$ cat work-v2.pdb   # PDB, C-alpha atoms and all ligand atoms
ATOM      1  CA  MET A  60       0.000   0.000   0.000
ATOM      2  CA  LYS A  61       2.784   2.374   0.974
ATOM      3  CA  ILE A  62       4.768   1.624  -2.161
ATOM      4  CA  ARG A  63       1.712   2.347  -4.234
ATOM      5  CA  ASN A  64       1.285   5.706  -2.578
ATOM      6  CA  ILE A  65       4.896   6.575  -3.210
ATOM      7  CA  SER A  66       4.670   5.698  -6.858
ATOM      8  CA  LEU A  67       1.437   7.657  -7.149
ATOM      9  CA  GLY A  68       3.273  10.571  -5.601
ATOM     10  CA  ILE A  69       6.136  10.216  -8.076
ATOM     11  CA  ALA A  70       3.680  10.038 -10.941
ATOM     12  CA  THR A  71       2.001  13.250  -9.759
ATOM     13  CA  VAL A  72       5.338  15.040  -9.532
ATOM     14  CA  MET A  73       6.246  13.852 -13.021
ATOM     15  CA  VAL A  74       2.981  15.036 -14.511
ATOM     16  CA  GLY A  75       3.539  18.351 -12.789
ATOM     17  CA  ALA A  76       7.039  18.631 -14.245
ATOM     18  CA  ILE A  77       5.818  17.865 -17.730
ATOM     19  CA  GLY A  78       3.154  20.530 -17.319
ATOM     20  CA  LEU A  79       5.789  23.050 -16.262
ATOM     21  CA  ASN A  80       7.927  22.218 -19.256
ATOM     22  CA  LEU A  81       4.998  22.657 -21.602
ATOM     23  CA  ASN A  82       4.316  26.022 -20.039
ATOM     24  CA  ARG A  83       7.903  27.038 -20.489
ATOM     25  CA  ALA A  84       7.880  25.950 -24.145
ATOM     26  CA  HIS A  85       4.739  27.987 -24.652
ATOM     27  CA  ALA A  86       6.334  31.026 -23.075
ATOM     28  CA  THR A  87       9.378  30.909 -25.378
ATOM     29  CA  GLU A  88       7.102  30.502 -28.369
ATOM     30  CA  LEU A  89       5.211  33.621 -27.291
ATOM     31  CA  SER A  90       8.313  35.713 -26.722
ATOM     32  CA  LYS A  91       9.672  34.639 -30.134
ATOM     33  CA  ARG A  92       6.476  35.861 -31.735
ATOM     34  CA  THR A  93       6.702  39.173 -29.908
ATOM     35  CA  VAL A  94      10.223  39.668 -31.255
ATOM     36  CA  GLU A  95       9.020  38.916 -34.770
ATOM     37  CA  GLN A  96       6.205  41.400 -34.414
ATOM     38  CA  ALA A  97       8.579  44.021 -33.111
ATOM     39  CA  VAL A  98      10.514  43.795 -36.382
ATOM     40  CA  ASP A  99       7.783  45.104 -38.626
ATOM     41  CA  GLY A 100       8.997  45.829 -42.160
ATOM     42  CA  LYS A 101       6.142  48.178 -42.920
ATOM     43  CA  ASP A 102       6.768  50.196 -39.810
ATOM     44  CA  ILE A 103      10.442  50.566 -40.715
ATOM     45  CA  TYR A 104       9.553  51.503 -44.288
ATOM     46  CA  MET A 105       7.159  54.209 -43.118
ATOM     47  CA  LYS A 106       9.762  55.638 -40.771
ATOM     48  CA  SER A 107      12.897  55.423 -42.906
ATOM     49  CA  CYS A 108      12.097  54.934 -46.588
ATOM     50  CA  LYS A 109       8.787  56.461 -47.632
ATOM     51  CA  GLU A 110      10.175  59.977 -47.666
ATOM     52  CA  CYS A 111      12.081  59.129 -50.862
ATOM     53  CA  HIS A 112      10.486  55.910 -52.097
ATOM     54  CA  GLY A 113       6.871  56.991 -51.557
ATOM     55  CA  VAL A 114       4.205  55.578 -49.233
ATOM     56  CA  LEU A 115       3.251  52.880 -51.737
ATOM     57  CA  GLY A 116       6.704  52.315 -53.245
ATOM     58  CA  ALA A 117       6.390  54.645 -56.219
ATOM     59  CA  PRO A 118       8.651  57.660 -55.784
ATOM     60  CA  THR A 119       6.879  61.000 -55.515
ATOM     61  CA  LYS A 120       7.304  63.513 -58.352
ATOM     62  CA  ALA A 121       9.543  65.624 -56.172
ATOM     63  CA  SER A 122      11.612  62.610 -55.306
ATOM     64  CA  LEU A 123      11.881  61.631 -58.987
ATOM     65  CA  ARG A 124      13.046  65.120 -59.874
ATOM     66  CA  LYS A 125      15.628  65.024 -57.135
ATOM     67  CA  TYR A 126      16.746  61.413 -57.581
ATOM     68  CA  GLU A 127      16.597  60.459 -61.227
ATOM     69  CA  LYS A 128      17.789  56.920 -60.546
ATOM     70  CA  ILE A 129      15.273  56.076 -57.858
ATOM     71  CA  GLN A 130      13.512  52.775 -58.414
ATOM     72  CA  ASN A 131       9.810  52.082 -58.497
ATOM     73  CA  PHE A 132       8.964  49.230 -56.106
ATOM     74  CA  THR A 133       5.419  48.935 -57.453
ATOM     75  CA  ASP A 134       6.922  47.650 -60.707
ATOM     76  CA  SER A 135       7.255  43.914 -60.179
ATOM     77  CA  SER A 136       9.840  43.652 -62.968
ATOM     78  CA  PHE A 137      12.277  45.507 -60.712
ATOM     79  CA  PHE A 138      12.310  42.499 -58.396
ATOM     80  CA  THR A 139      13.114  40.130 -61.244
ATOM     81  CA  LYS A 140      16.246  42.169 -61.919
ATOM     82  CA  ARG A 141      17.529  42.056 -58.360
ATOM     83  CA  LYS A 142      18.335  39.236 -56.030
ATOM     84  CA  ASP A 143      17.235  39.578 -52.417
ATOM     85  CA  SER A 144      20.899  39.640 -51.463
ATOM     86  CA  GLU A 145      21.449  42.656 -53.742
ATOM     87  CA  LEU A 146      18.485  44.493 -52.256
ATOM     88  CA  THR A 147      19.760  43.734 -48.780
ATOM     89  CA  GLU A 148      23.194  45.005 -49.702
ATOM     90  CA  ALA A 149      21.779  48.241 -51.149
ATOM     91  CA  ILE A 150      19.787  48.846 -47.962
ATOM     92  CA  GLU A 151      22.743  47.958 -45.765
ATOM     93  CA  LYS A 152      25.503  49.794 -47.600
ATOM     94  CA  GLY A 153      23.606  52.280 -49.744
ATOM     95  CA  LYS A 154      23.697  52.750 -53.482
ATOM     96  CA  GLY A 155      24.780  55.519 -55.810
ATOM     97  CA  ARG A 156      25.006  59.086 -54.614
ATOM     98  CA  ASP A 157      21.713  59.413 -52.783
ATOM     99  CA  MET A 158      20.771  56.118 -51.225
ATOM    100  CA  LYS A 159      22.527  56.053 -47.888
ATOM    101  CA  GLY A 160      23.237  52.782 -46.148
ATOM    102  CA  PHE A 161      21.201  51.838 -43.110
ATOM    103  CA  SER A 162      23.619  49.467 -41.423
ATOM    104  CA  GLU A 163      24.101  51.846 -38.513
ATOM    105  CA  LYS A 164      20.448  52.740 -38.074
ATOM    106  CA  LEU A 165      18.839  49.345 -38.532
ATOM    107  CA  SER A 166      19.662  45.885 -37.240
ATOM    108  CA  LYS A 167      20.160  42.971 -39.638
ATOM    109  CA  GLU A 168      16.678  41.720 -38.738
ATOM    110  CA  GLU A 169      15.167  45.114 -39.494
ATOM    111  CA  ILE A 170      16.963  45.341 -42.834
ATOM    112  CA  HIS A 171      15.731  41.858 -43.696
ATOM    113  CA  ALA A 172      12.165  42.759 -42.689
ATOM    114  CA  VAL A 173      12.087  45.961 -44.735
ATOM    115  CA  MET A 174      13.664  44.159 -47.710
ATOM    116  CA  LEU A 175      10.814  41.626 -47.560
ATOM    117  CA  TYR A 176       8.293  44.411 -47.133
ATOM    118  CA  ILE A 177       9.240  46.271 -50.333
ATOM    119  CA  HIS A 178       8.433  43.082 -52.274
ATOM    120  CA  THR A 179       4.840  43.383 -51.092
ATOM    121  CA  LEU A 180       4.574  46.812 -52.760
ATOM    122  CA  ALA A 181       4.958  45.321 -56.247
ATOM    123  CA  LYS A 182       1.724  45.092 -58.152
ATOM    124  CA  LYS A 183       0.910  41.623 -59.364
ATOM    125  CA  ALA A 184       1.179  41.663 -63.147
TER     126      ALA A 184
HETATM  127  C1  LIG B 201      17.153  60.104 -49.152
HETATM  128  C2  LIG B 201      16.281  59.323 -49.994
HETATM  129  C3  LIG B 201      16.198  57.826 -49.760
HETATM  130  C4  LIG B 201      15.853  57.153 -48.607
HETATM  131  C5  LIG B 201      15.476  57.742 -47.259
HETATM  132  C6  LIG B 201      15.889  55.746 -48.934
HETATM  133  N1  LIG B 201      16.272  55.574 -50.239
HETATM  134 FE1  LIG B 201      16.449  53.816 -51.216
HETATM  135  N2  LIG B 201      17.104  54.769 -52.865
HETATM  136  C7  LIG B 201      17.195  56.139 -53.010
HETATM  137  C8  LIG B 201      17.749  56.456 -54.318
HETATM  138  C9  LIG B 201      18.027  57.848 -54.876
HETATM  139  C10 LIG B 201      17.995  55.223 -54.966
HETATM  140  C11 LIG B 201      18.659  54.984 -56.332
HETATM  141  C12 LIG B 201      20.155  54.869 -56.082
HETATM  142  C13 LIG B 201      20.944  54.644 -57.353
HETATM  143  O1  LIG B 201      20.737  53.620 -58.012
HETATM  144  O2  LIG B 201      21.790  55.504 -57.650
HETATM  145  C14 LIG B 201      17.558  54.190 -54.027
HETATM  146  C15 LIG B 201      17.612  52.841 -54.281
HETATM  147  C16 LIG B 201      17.100  51.868 -53.454
HETATM  148  C17 LIG B 201      17.037  50.466 -53.787
HETATM  149  C18 LIG B 201      17.448  49.847 -55.112
HETATM  150  C19 LIG B 201      18.871  49.427 -55.125
HETATM  151  C20 LIG B 201      19.148  48.755 -56.435
HETATM  152  O3  LIG B 201      19.453  47.572 -56.395
HETATM  153  O4  LIG B 201      19.071  49.415 -57.464
HETATM  154  C21 LIG B 201      16.474  49.827 -52.719
HETATM  155  C22 LIG B 201      16.190  48.345 -52.593
HETATM  156  C23 LIG B 201      16.198  50.841 -51.731
HETATM  157  N3  LIG B 201      16.598  52.067 -52.201
HETATM  158  C24 LIG B 201      15.603  50.578 -50.524
HETATM  159  C25 LIG B 201      15.421  51.526 -49.536
HETATM  160  C26 LIG B 201      14.900  51.218 -48.236
HETATM  161  C27 LIG B 201      14.396  49.848 -47.805
HETATM  162  C28 LIG B 201      14.931  52.380 -47.527
HETATM  163  C29 LIG B 201      14.554  52.575 -46.076
HETATM  164  C30 LIG B 201      15.184  51.703 -45.113
HETATM  165  C31 LIG B 201      15.434  53.416 -48.401
HETATM  166  N4  LIG B 201      15.731  52.854 -49.602
HETATM  167  C32 LIG B 201      15.582  54.737 -48.047
HETATM  168  C33 LIG B 201      16.839  57.075 -52.078
HETATM  169  C34 LIG B 201      16.462  56.807 -50.783
END

$ encode --input "work-v2.pdb" --output "structure tokens"
Amino acid sequence: MKIRNISLGIATVMVGAIGLNLNRAHATELSKRTVEQAVDGKDIYMKSCKECHGVLGAPTKASLRKYEKIQNFTDSSFFTKRKDSELTEAIEKGKGRDMKGFSEKLSKEEIHAVMLYIHTLAKKA
């Protein structure tokens, strides 16, 4: 009888421990998601890029006048001409005379997120 009680006790403790572990796994999953949400490509675009590249990815007239080489992200053919790694590099290090690099202002994750975001501006042909 005693032995049975002990093993019941052990079983209860084990179930409890498994429950704790599940909770912990759930917590890490949640905090991972929060980090992902914190790196919001659109948010970064609106803060750091829209001034030149336009809210929707098409440069404003003023911006076109000022920066003749500025690209139009609503044109999906632009993305067939560039690899993601090239876009990332342009955002990181800058390009030409007017596109400054963002490696000091944005983290790698933020640069990646905003690089993915500009793809979503392209109109489906
Ligand atoms: C001060 C204006 C300005 C800002 C702010 C700016 N850009 Fe640019 N960007 C330019 C200009 C001008 C070019 C064209 C450069 C060239 O080819 O000479 C360009 C080019 C690019 C290109 C194309 C590079 C290629 O491969 O041809 C990408 C991608 C880009 N910008 C992304 C971004 C992102 C993302 C941000 C915000 C994090 C941003 N830019 C902020 C002016 C700007």

$ axis_aligned_box --input "work-v2.pdb" --around "ligand LIG 201 (chain B)" --padding-each-side "4 Å" --output "AutoDock Vina command-line options"
--center_x 18.1 --center_y 53.8 --center_z -51.6 --size_x 15.4 --size_y 20.5 --size_z 20.9

$ closest_residue --input "work-v2.pdb" --among "A:Ile103, A:Cys108, A:Ile177, A:Leu165" --to "ligand LIG 201 (chain B)" --atoms "all atoms listed in the file"
A:Cys108

$ atom_distance --input "work-v2.pdb" --atom1 "atom C8 of ligand LIG 201 (chain B)" --atom2 "atom CA of Thr133 of chain A"
14.8 Å

$ residues_around --input "work-v2.pdb" --residues "segment 125-127 of chain A" --least-positions-apart "4" --cutoff "10 Å" --atoms "all atoms listed in the file" --output "ChimeraX atom specification"
/A:111-112,118-121,156-158

$ resolve_selection --input "work-v2.pdb" --expression "the PyMOL selection byres (((not hetatm)) within 6 of (chain B and resi 201))" --output "number ranges by chain"
A: 104, 107-108, 110-111, 126, 128-130, 145-146, 149-150, 154-158, 173-174

$ closest_residue --input "work-v2.pdb" --among "A:Glu163, A:Asp143, A:Asp134, A:Glu151" --to "Lys183 of chain A" --atoms "all atoms listed in the file"
A:Asp134

$ closest_residue --input "work-v2.pdb" --among "A:Gly116, A:Gly100, A:Gly160, A:Gly153" --to "Ser135 of chain A" --atoms "all atoms listed in the file"
A:Gly116

$ atom_distance --input "work-v2.pdb" --atom1 "atom CA of Ile170 of chain A" --atom2 "atom CA of Val98 of chain A"
9.3 Å

$ closest_residue --input "work-v2.pdb" --among "A:Lys140, A:Glu148, A:Ala117, A:Lys106" --to "His171 of chain A" --atoms "all atoms listed in the file"
A:Glu148

$ decode --input "work-v2.pdb" --residues "segment 130-147 of chain A" --atoms "N, CA and C atoms" --output "compact mmCIF listing (two decimals), in the first residue's frame"
# COMPACT_ATOMS: atom_id res chain seq x y z
N GLN A 130 14.27 53.90 -57.86
CA GLN A 130 13.51 52.77 -58.41
C GLN A 130 12.05 52.84 -58.01
N ASN A 131 11.23 52.17 -58.80
CA ASN A 131 9.81 52.08 -58.50
C ASN A 131 9.50 50.66 -57.99
N PHE A 132 9.20 50.56 -56.71
CA PHE A 132 8.96 49.23 -56.11
C PHE A 132 7.59 48.67 -56.46
N THR A 133 6.72 49.49 -57.06
CA THR A 133 5.42 48.94 -57.45
C THR A 133 5.53 48.17 -58.77
N ASP A 134 6.69 48.34 -59.44
CA ASP A 134 6.92 47.65 -60.71
C ASP A 134 7.55 46.28 -60.42
N SER A 135 6.77 45.23 -60.59
CA SER A 135 7.26 43.91 -60.18
C SER A 135 8.48 43.48 -60.98
N SER A 136 8.67 44.06 -62.18
CA SER A 136 9.84 43.65 -62.97
C SER A 136 11.15 44.08 -62.29
N PHE A 137 11.07 45.11 -61.45
CA PHE A 137 12.28 45.51 -60.71
C PHE A 137 12.81 44.33 -59.89
N PHE A 138 11.89 43.59 -59.29
CA PHE A 138 12.31 42.50 -58.40
C PHE A 138 12.81 41.27 -59.15
N THR A 139 12.53 41.23 -60.46
CA THR A 139 13.11 40.13 -61.24
C THR A 139 14.55 40.48 -61.64
N LYS A 140 14.89 41.75 -61.54
CA LYS A 140 16.25 42.17 -61.92
C LYS A 140 17.21 42.16 -60.74
N ARG A 141 16.67 42.01 -59.55
CA ARG A 141 17.53 42.06 -58.36
C ARG A 141 17.32 40.81 -57.50
N LYS A 142 18.44 40.32 -57.01
CA LYS A 142 18.34 39.24 -56.03
C LYS A 142 18.07 39.87 -54.67
N ASP A 143 17.47 39.08 -53.77
CA ASP A 143 17.24 39.58 -52.42
C ASP A 143 18.55 40.03 -51.78
N SER A 144 19.62 39.30 -52.07
CA SER A 144 20.90 39.64 -51.46
C SER A 144 21.39 41.01 -51.96
N GLU A 145 21.05 41.35 -53.20
CA GLU A 145 21.45 42.66 -53.74
C GLU A 145 20.62 43.78 -53.12
N LEU A 146 19.34 43.49 -52.91
CA LEU A 146 18.49 44.49 -52.26
C LEU A 146 19.00 44.73 -50.84
N THR A 147 19.27 43.63 -50.15
CA THR A 147 19.76 43.73 -48.78
C THR A 147 21.04 44.56 -48.74
